[in-house]
Every structure is written in structure tokens, then in C-alpha cells.
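Student: What follows is my_file_24.cif, mmCIF, C-alpha atoms.
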```
data_coords
loop_
_atom_site.label_atom_id
_atom_site.label_comp_id
_atom_site.auth_asym_id
_atom_site.auth_seq_id
_atom_site.Cartn_x
_atom_site.Cartn_y
_atom_site.Cartn_z
CA MET A 1 -107.22 -106.91 60.06
CA ARG A 2 -106.78 -110.68 60.19
CA MET A 3 -105.27 -110.76 56.70
CA GLN A 4 -102.90 -107.94 57.59
CA SER A 5 -101.84 -109.83 60.72
CA GLU A 6 -101.20 -113.04 58.74
CA ARG A 7 -99.22 -111.08 56.13
CA LYS A 8 -97.14 -109.46 58.87
CA ASP A 9 -96.45 -112.90 60.40
CA ARG A 10 -95.29 -114.26 57.03
CA MET A 11 -93.01 -111.27 56.48
CA ASP A 12 -91.54 -111.67 59.96
CA ALA A 13 -90.89 -115.36 59.28
CA GLN A 14 -89.18 -114.52 55.98
CA ARG A 15 -87.00 -111.92 57.73
CA ARG A 16 -85.93 -114.52 60.30
CA GLN A 17 -85.11 -117.04 57.55
CA PHE A 18 -83.11 -114.43 55.68
CA SER A 19 -81.24 -113.51 58.86
CA VAL A 20 -80.30 -117.14 59.44
CA LEU A 21 -79.17 -117.56 55.80
CA HIS A 22 -77.18 -114.32 56.01
CA GLY A 23 -75.41 -115.67 59.08
CA PHE A 24 -74.52 -118.89 57.26
CA ILE A 25 -73.20 -116.87 54.32
CA ARG A 26 -70.98 -114.77 56.60
CA LEU A 27 -69.57 -117.89 58.28
CA TYR A 28 -69.03 -119.57 54.91
CA VAL A 29 -67.24 -116.54 53.46
CA LEU A 30 -64.91 -116.36 56.47
CA LYS A 31 -64.15 -120.06 56.14
CA GLU A 32 -63.54 -119.82 52.40
CA ARG A 33 -61.22 -116.83 52.84
CA SER A 34 -59.14 -118.93 55.19
CA ILE A 35 -59.04 -121.78 52.70
CA SER A 36 -58.25 -119.34 49.90
CA ASP A 37 -55.04 -118.30 51.64
CA THR A 38 -53.81 -121.88 51.22
CA PHE A 39 -54.74 -122.02 47.55
CA GLN A 40 -53.12 -118.66 46.87
CA GLN A 41 -49.81 -120.22 47.83
CA GLN A 42 -50.31 -122.40 44.74
CA SER A 43 -50.47 -119.24 42.53
CA HIS A 44 -54.25 -119.18 42.18
CA ASP A 45 -56.37 -116.04 42.48
CA HIS A 46 -59.74 -116.05 44.26
CA ASP A 47 -62.75 -113.80 43.87
CA ASP A 48 -64.78 -113.22 47.01
CA HIS A 49 -67.90 -112.53 44.95
CA GLN A 50 -67.86 -116.20 43.90
CA LEU A 51 -68.39 -117.41 47.46
CA VAL A 52 -72.14 -116.91 47.69
CA PRO A 53 -72.91 -118.94 44.53
CA ASP A 54 -70.75 -121.73 45.97
CA LEU A 55 -72.78 -121.58 49.17
CA VAL A 56 -75.97 -121.94 47.16
CA PHE A 57 -74.43 -124.99 45.46
CA LEU A 58 -73.59 -126.43 48.87
CA LEU A 59 -77.07 -125.80 50.30
CA LEU A 60 -78.72 -127.36 47.25
CA ARG A 61 -76.55 -130.42 47.60
CA ARG A 62 -77.24 -130.74 51.33
CA PHE A 63 -80.97 -130.09 51.40
CA TYR A 64 -82.21 -131.24 48.00
CA GLY A 65 -80.17 -134.40 47.61
CA ILE A 66 -77.91 -133.15 44.82
CA ARG A 67 -74.98 -135.50 45.05
CA ASP A 68 -72.10 -135.05 42.66
CA TYR A 69 -71.22 -131.69 41.13
CA PHE A 70 -68.03 -130.36 39.61
CA ALA A 71 -65.50 -128.84 41.98
CA SER A 72 -63.55 -127.05 39.26
CA TRP A 73 -64.02 -126.29 35.59
CA SER A 74 -62.57 -124.42 32.66
CA THR A 75 -63.22 -120.71 32.19
CA LYS A 76 -64.66 -121.71 28.81
CA MET A 77 -67.44 -123.76 30.41
CA ALA A 78 -70.80 -122.88 31.91
CA LEU A 79 -72.22 -125.25 34.53
CA SER A 80 -75.72 -125.46 35.95
CA GLN A 81 -77.49 -128.13 37.94
CA ASN A 82 -80.75 -129.27 39.47
CA GLU A 83 -81.74 -132.22 41.63
CA HIS A 84 -81.40 -134.61 38.68
CA TYR A 85 -78.23 -133.76 36.76
CA VAL A 86 -75.37 -131.35 36.11
CA ASP A 87 -75.35 -129.60 32.74
CA MET A 88 -71.99 -128.49 31.34
CA ARG A 89 -71.72 -126.41 28.15
CA HIS A 90 -68.64 -125.39 26.19
CA GLN A 91 -68.63 -121.68 25.31
CA GLY A 92 -65.18 -121.27 23.78
CA MET A 93 -62.74 -122.93 21.43
CA ASN A 94 -60.42 -125.92 21.77
CA TRP A 95 -60.38 -128.26 24.75
CA ALA A 96 -61.85 -127.49 28.16
CA THR A 97 -62.15 -129.78 31.20
CA ALA A 98 -64.37 -130.07 34.28
CA ILE A 99 -63.22 -131.94 37.41
CA GLY A 100 -65.69 -133.74 39.70
CA ALA A 101 -66.03 -132.95 43.40
CA ASP A 102 -65.90 -136.53 44.70
CA VAL A 103 -62.44 -137.75 45.72
CA ILE A 104 -62.02 -141.41 44.79
CA ASP A 105 -59.46 -142.91 47.13
CA PHE A 106 -58.88 -146.65 46.65
CA GLU A 107 -56.74 -147.04 49.75
CA ARG A 108 -58.67 -144.91 52.24
CA ASN A 109 -62.13 -146.28 51.47
CA PRO A 110 -61.71 -150.00 50.71
CA ALA A 111 -65.23 -150.75 51.97
CA ARG A 112 -66.84 -148.62 49.27
CA VAL A 113 -68.09 -150.76 46.43
CA HIS A 114 -68.21 -148.33 43.53
CA TYR A 115 -68.79 -144.89 42.09
CA GLU A 116 -71.06 -144.54 39.09
CA TRP A 117 -72.04 -141.71 36.71
CA SER A 118 -74.19 -141.51 33.58
CA ILE A 119 -73.13 -139.07 30.86
CA THR A 120 -75.24 -137.95 27.90
CA THR A 121 -73.65 -135.69 25.28
CA ASN A 122 -74.13 -134.17 21.83
CA SER A 123 -70.38 -133.98 21.22
CA SER A 124 -68.27 -136.00 18.79
CA MET A 125 -65.16 -134.66 20.55
CA ILE A 126 -65.21 -135.77 24.18
CA PHE A 127 -63.13 -137.52 26.86
CA ILE A 128 -64.79 -139.26 29.84
CA GLY A 129 -62.78 -140.82 32.65
CA LEU A 130 -60.78 -140.45 35.85
CA ASP A 131 -57.92 -138.02 36.42
CA SER A 132 -55.52 -137.79 39.39
CA THR A 133 -54.20 -134.23 39.03
CA PRO A 134 -53.50 -133.04 42.61
CA GLY A 135 -54.42 -129.68 44.15
CA VAL A 136 -57.66 -129.12 42.25
CA HIS A 137 -58.55 -125.43 42.50
CA PRO A 138 -62.19 -124.74 43.48
CA ARG A 139 -64.52 -123.00 40.99
CA LYS A 140 -63.44 -121.78 37.56
CA ASP A 141 -59.78 -122.36 36.80
CA SER A 142 -57.88 -121.25 33.71
CA SER A 143 -55.48 -124.18 34.18
CA LEU A 144 -58.35 -126.39 32.94
CA ASP A 145 -58.58 -124.53 29.61
CA HIS A 146 -57.16 -127.64 27.97
CA ASN A 147 -57.66 -131.41 27.95
CA VAL A 148 -56.24 -133.04 31.11
CA PHE A 149 -56.13 -136.37 29.26
CA ASN A 150 -52.98 -135.58 27.28
CA ILE A 151 -49.59 -137.22 26.76
CA TYR A 152 -47.79 -134.51 28.76
CA GLN A 153 -49.87 -135.15 31.88
CA PRO A 154 -47.56 -136.57 34.61
CA TRP A 155 -50.44 -137.83 36.79
CA PRO A 156 -52.24 -141.12 35.98
CA TYR A 157 -55.50 -140.90 34.07
CA TYR A 158 -57.91 -143.34 32.42
CA ALA A 159 -60.49 -142.32 29.82
CA TRP A 160 -62.73 -143.30 26.93
CA CYS A 161 -62.54 -140.74 24.13
CA GLN A 162 -64.34 -139.91 20.91
CA ILE A 163 -62.48 -137.86 18.27
CA GLN A 164 -64.86 -137.41 15.36
CA ARG A 165 -65.29 -140.98 14.02
CA THR A 166 -62.43 -142.46 16.05
CA SER A 167 -63.06 -143.95 19.48
CA MET A 168 -60.47 -145.45 21.85
CA LEU A 169 -59.34 -145.93 25.42
CA VAL A 170 -56.46 -143.72 26.56
CA THR A 171 -54.16 -143.79 29.60
CA ASN A 172 -50.64 -142.75 30.55
CA ASP A 173 -50.33 -145.60 33.07
CA LYS A 174 -47.96 -148.22 31.61
CA ASN A 175 -48.94 -150.82 34.21
CA VAL A 176 -52.68 -150.82 33.60
CA SER A 177 -54.41 -153.45 31.48
CA TYR A 178 -56.95 -152.39 28.84
CA PRO A 179 -58.23 -153.64 25.45
CA LYS A 180 -56.38 -151.91 22.61
CA SER A 181 -59.16 -152.79 20.14
CA TRP A 182 -61.85 -150.78 21.96
CA THR A 183 -63.54 -149.02 19.01
CA ARG A 184 -67.07 -148.46 20.32
CA ASN A 185 -68.46 -144.97 19.70
CA ILE A 186 -69.62 -142.64 22.47
CA ARG A 187 -73.29 -142.06 21.72
CA GLY A 188 -76.50 -142.06 23.69
CA THR A 189 -76.03 -142.45 27.44
CA ILE A 190 -72.70 -143.68 28.76
CA LYS A 191 -72.35 -145.04 32.29
CA LEU A 192 -68.91 -145.04 33.91
CA THR A 193 -68.47 -147.39 36.88
CA VAL A 194 -65.44 -147.42 39.19
CA ASP A 195 -65.20 -150.65 41.20
CA LEU A 196 -62.89 -150.05 44.15
CA HIS A 197 -62.91 -153.69 45.22
CA ALA A 198 -62.04 -155.12 41.79
CA ASN A 199 -59.78 -152.17 40.95
CA THR A 200 -61.46 -151.61 37.57
CA ILE A 201 -63.24 -149.05 35.41
CA SER A 202 -66.04 -150.26 33.15
CA PHE A 203 -68.54 -148.66 30.77
CA THR A 204 -72.16 -149.21 29.78
CA ARG A 205 -73.76 -147.70 26.67
CA ASN A 206 -77.52 -147.25 26.47
CA GLY A 207 -78.01 -149.93 29.11
CA GLN A 208 -75.71 -152.47 27.46
CA LEU A 209 -72.62 -153.48 29.43
CA LEU A 210 -69.52 -153.03 27.28
CA GLY A 211 -67.23 -154.70 29.79
CA VAL A 212 -64.17 -153.74 31.77
CA ALA A 213 -62.14 -150.94 30.18
CA PHE A 214 -59.25 -150.67 32.66
CA GLU A 215 -57.83 -153.16 35.15
CA ASN A 216 -55.07 -152.83 37.77
CA ILE A 217 -55.57 -149.10 38.31
CA ASP A 218 -52.86 -147.30 40.27
CA ARG A 219 -54.29 -147.42 43.82
CA THR A 220 -51.77 -144.96 45.27
CA ARG A 221 -53.44 -141.95 43.61
CA LYS A 222 -56.62 -140.02 44.43
CA TYR A 223 -58.94 -139.56 41.48
CA HIS A 224 -61.75 -137.32 40.28
CA LEU A 225 -64.29 -137.76 37.53
CA ALA A 226 -63.19 -135.63 34.56
CA VAL A 227 -65.01 -134.68 31.35
CA ALA A 228 -63.36 -132.76 28.51
CA LEU A 229 -65.21 -131.11 25.60
CA TYR A 230 -63.71 -129.54 22.49
CA LYS A 231 -65.78 -126.77 20.90
CA ALA A 232 -68.47 -124.18 21.52
CA GLY A 233 -72.01 -125.53 21.54
CA SER A 234 -71.05 -128.96 22.79
CA TRP A 235 -72.63 -130.11 26.03
CA ALA A 236 -72.81 -133.01 28.43
CA GLN A 237 -75.27 -133.87 31.19
CA ILE A 238 -73.94 -135.89 34.12
CA VAL A 239 -76.03 -137.85 36.62
CA ASP A 240 -74.50 -139.26 39.80
CA ASP A 241 -75.88 -142.82 40.01
CA THR A 242 -73.84 -143.90 43.02
CA ASP A 243 -75.97 -145.43 45.77
CA ASP A 244 -75.57 -143.29 48.91
CA GLN A 245 -75.17 -146.43 51.05
CA LYS A 246 -72.18 -147.48 48.95
CA ARG A 247 -70.47 -144.15 49.67
CA GLN A 248 -70.10 -144.98 53.35
CA ALA A 249 -66.52 -145.76 54.28
#
```
Step by step, read the file and then write its structure as C-alpha cells.
Tutor:
Amino acid sequence: MRMQSERKDRMDAQRRQFSVLHGFIRLYVLKERSISDTFQQQSHDHDDHQLVPDLVFLLLRRFYGIRDYFASWSTKMALSQNEHYVDMRHQGMNWATAIGADVIDFERNPARVHYEWSITTNSSMIFIGLDSTPGVHPRKDSSLDHNVFNIYQPWPYYAWCQIQRTSMLVTNDKNVSYPKSWTRNIRGTIKLTVDLHANTISFTRNGQLLGVAFENIDRTRKYHLAVALYKAGSWAQIVDDTDDQKRQA
């Protein structure tokens, strides 16, 4: 009888937890539908069945300390994450991009010292950097079924790329300063650091500082981390190394 009573108590507790979670889901769905109306004005379609997975993402981030995850990504990519890293895998052909959730605003948060990510990849065709495309659409987005770091992009971007055996820094900002002779290959673990005080982007490879890649970044734009992969089977794992205390505005 005692065991049956304890089992009944556990089941009642689980029902209460489920009821609370169900309430959160309903509130979240209603909120997202309201937000979706705004995005639909930008010619984007939304699927209500995607809302619950997004809620799970949000709860994981809140309660298990998962910090940075991607807000939007190509339909050719599959993303998964745990408390340590985000795993992105290319499942199609040609370029595909994922856009980070953190908004990097140089002007609004001058007290923040830096943002920092570590990227490990198996790809010889990859771009890693910051992009300032506005109006990022949440969840999967077919408009990211290409490389955002391209010459036709009207919004400022800054990236380190690897194209087979060729490695270089790329940007469409004519006012930024960067070394044209940057020929280091992307291999091992790459750390990207954005210094909001110094107005720079720098890289580290396998623990070795490679120096400042970009100086005098356009401070009028809002940026996101962006990673672009080229072909099926390629993957990248991203760890958010930013100290929580340095995120406080």
C-alpha cells in the first residue's frame, strides 16, 4: 500500500509539472503568433508546429545555462545543441548559412567588453565572422540557402574564410582596416573575439593568438555571428565562450 501511495504521489507531481509546462507552451504559442504577424509582413511564412521546439530551446537556454544558439539557419542545415556546444551539419548542396541569436550592438552596449566563440569544423569550405543583415527571420529560413558573405551583400560583414587550400579575410566594408596577406588556414579550433571597446575582431587558432583581423568596424550596424558551410557532410561545432558578466550592459 505504501509503494502504491508513493507511486500515486509521483504521478500526481508529474501531472502538475506537465500542466505548468502546458500552460507555458500555450502562452508562448500565443506570443509567437503575435510576433509572426510582424514577420509575415516581410514575406515570411511561419509554421505553428515549430513553436514547441523553439520553446524547448528557450527552456534549455534558461535553465541549463545554454548561452548562444542560432536564431535562424538554412533549410539545408540541421542544428542540435546541449549544454556545451551547438552542432550544425550541412545536409544539402552549395552554400548554407546560420545566423547567431546574440545581437552585437556597439553603440547600445559600450560597457560590454567582448563576445567570444570557439568553432571547430571538418570543412575546407567555410566562412566564420559577423554579418549585419537586418530582419533576421526566426527558425529555418530559405533566404539563408546561400552564403551571406558575398559581394552582392549590401550590409557590412567581416569574415575569415577557407576555400579549399586558399584562406583569406573578406569584407565589403571599404573603411575597415585588415591585413591583406592573411593566409592562415582554418583548422583545429578557431576562436573569434569581438572587442566592443577596441572596435576590433580577432582570431585565435588552437590556443595561439593570430592577432587582430579587422579594425575600425562600422559601429552603426547591429551584428550577428554567422557561419557558412558549403557541402553535405560538413559540420561545425560552436561554443559560446563569452563570460556572462561581460554581457551585462
Student: Determine the residue set returned by the PyMOL selection byres ((chain A and resi 75) around 9) for the present structure, and present it as a ChimeraX atom specification.
Tutor: /A:73-74,76-78,91-92,96,140-145
Student: Which is closest to A:Thr220 among A:Pro179, A:Gly188, A:Pro156, A:Gly233, if we use only C-alpha atoms?
Tutor: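 Among the listed residues, A:Pro156 lies closest to A:Thr220.
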Student: What is the atom CA of A:Asp87 to atom CA of A:His146 distance in Å?
Tutor: 18.9 Å
Student: List the residues matched by the PyMOL selection byres ((chain A and resi 173) around 12) in the displayed structure as a list in words, ordered by chain and then by residue number.
Tutor: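 Residues picked by the PyMOL selection byres ((chain A and resi 173) around 12): Leu130, Asp131, Ser132, Phe149, Asn150, Ile151, Gln153, Pro154, Trp155, Pro156, Tyr157, Tyr158, Ala159, Leu169, Val170, Thr171, Asn172, Lys174, Asn175, Val176, Ser177, Tyr178, Phe214, Glu215, Asn216, Ile217, Asp218, Arg219 and Arg221 of chain A.
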Student: Where does the PyMOL selection byres ((chain A and resi 202) around 9) land in this file, that is, which residues does it pick, as a ChimeraX atom specification?
Tutor: /A:191-195,200-201,203-204,209-215
Student: What does the distance from atom CA of A:Thr121 to atom CA of A:Asp102 come to in Å, to one decimal?
Tutor: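 These two atoms are separated by 20.9 Å.
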Student: Would you work out the distance separating atom CA of A:Ile99 from atom CA of A:Ser167, expressed in Å to one decimal?
Tutor: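 Atom CA of A:Ile99 sits 21.6 Å away from atom CA of A:Ser167.
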Student: Leaving out A:Ile163 and any residue of its chain fewer than 5 positions from it, which residues lie within 9 Å of it when counting all atoms listed in the file, given as a list in words?
Tutor: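 Once the nearby chain positions are removed, what remains is Ser124, Met125, Ile126, Phe127 and Met168 of chain A.
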Student: Please list as an MDAnalysis selection string every residue within 10 Å of A:Leu79, counting only C-alpha atoms and excluding residues in the same chain fewer than 4 positions away.
Tutor: chainID A and resid 69:70 73:74 86:90 98 140 235:237
Student: So that I can see what lies close to A:Ser118, please list as a ChimeraX atom specification the residues with an atom at most 8 Å from it, counting all atoms listed in the file and leaving out residues fewer than 3 positions away in the same chain.
Tutor: /A:189-192,238-241
Student: Do you know which residues are at most 7 Å from A:Ile104 counting only C-alpha atoms, after dropping those on the same chain fewer than 4 positions away, and could you put them as a ChimeraX atom specification?
Tutor: /A:222-224
Student: Which residues come within 7 Å of A:Ala71, counting all atoms listed in the file, excluding same-chain residues fewer than 3 positions away, as a ChimeraX atom specification?
Tutor: /A:99-101,138-139
Student: Please save C-alpha atoms of the selected residues as a PDB file, in the coordinates of the input.
Tutor:
```pdb
ATOM      1  CA  ILE A  99     -63.220-131.940  37.410  1.00  0.00           C
ATOM      2  CA  GLY A 100     -65.690-133.740  39.700  1.00  0.00           C
ATOM      3  CA  ALA A 101     -66.030-132.950  43.400  1.00  0.00           C
ATOM      4  CA  PRO A 138     -62.190-124.740  43.480  1.00  0.00           C
ATOM      5  CA  ARG A 139     -64.520-123.000  40.990  1.00  0.00           C
TER       6      ARG A 139
END
```
Student: Name the closest residue to A:Trp117 among the candidates A:Ala232, A:Met93, A:Val148, A:Val227; distances are taken between atoms, counting all atoms listed in the file.
Tutor: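 Result for the nearest residue to A:Trp117: A:Val227.
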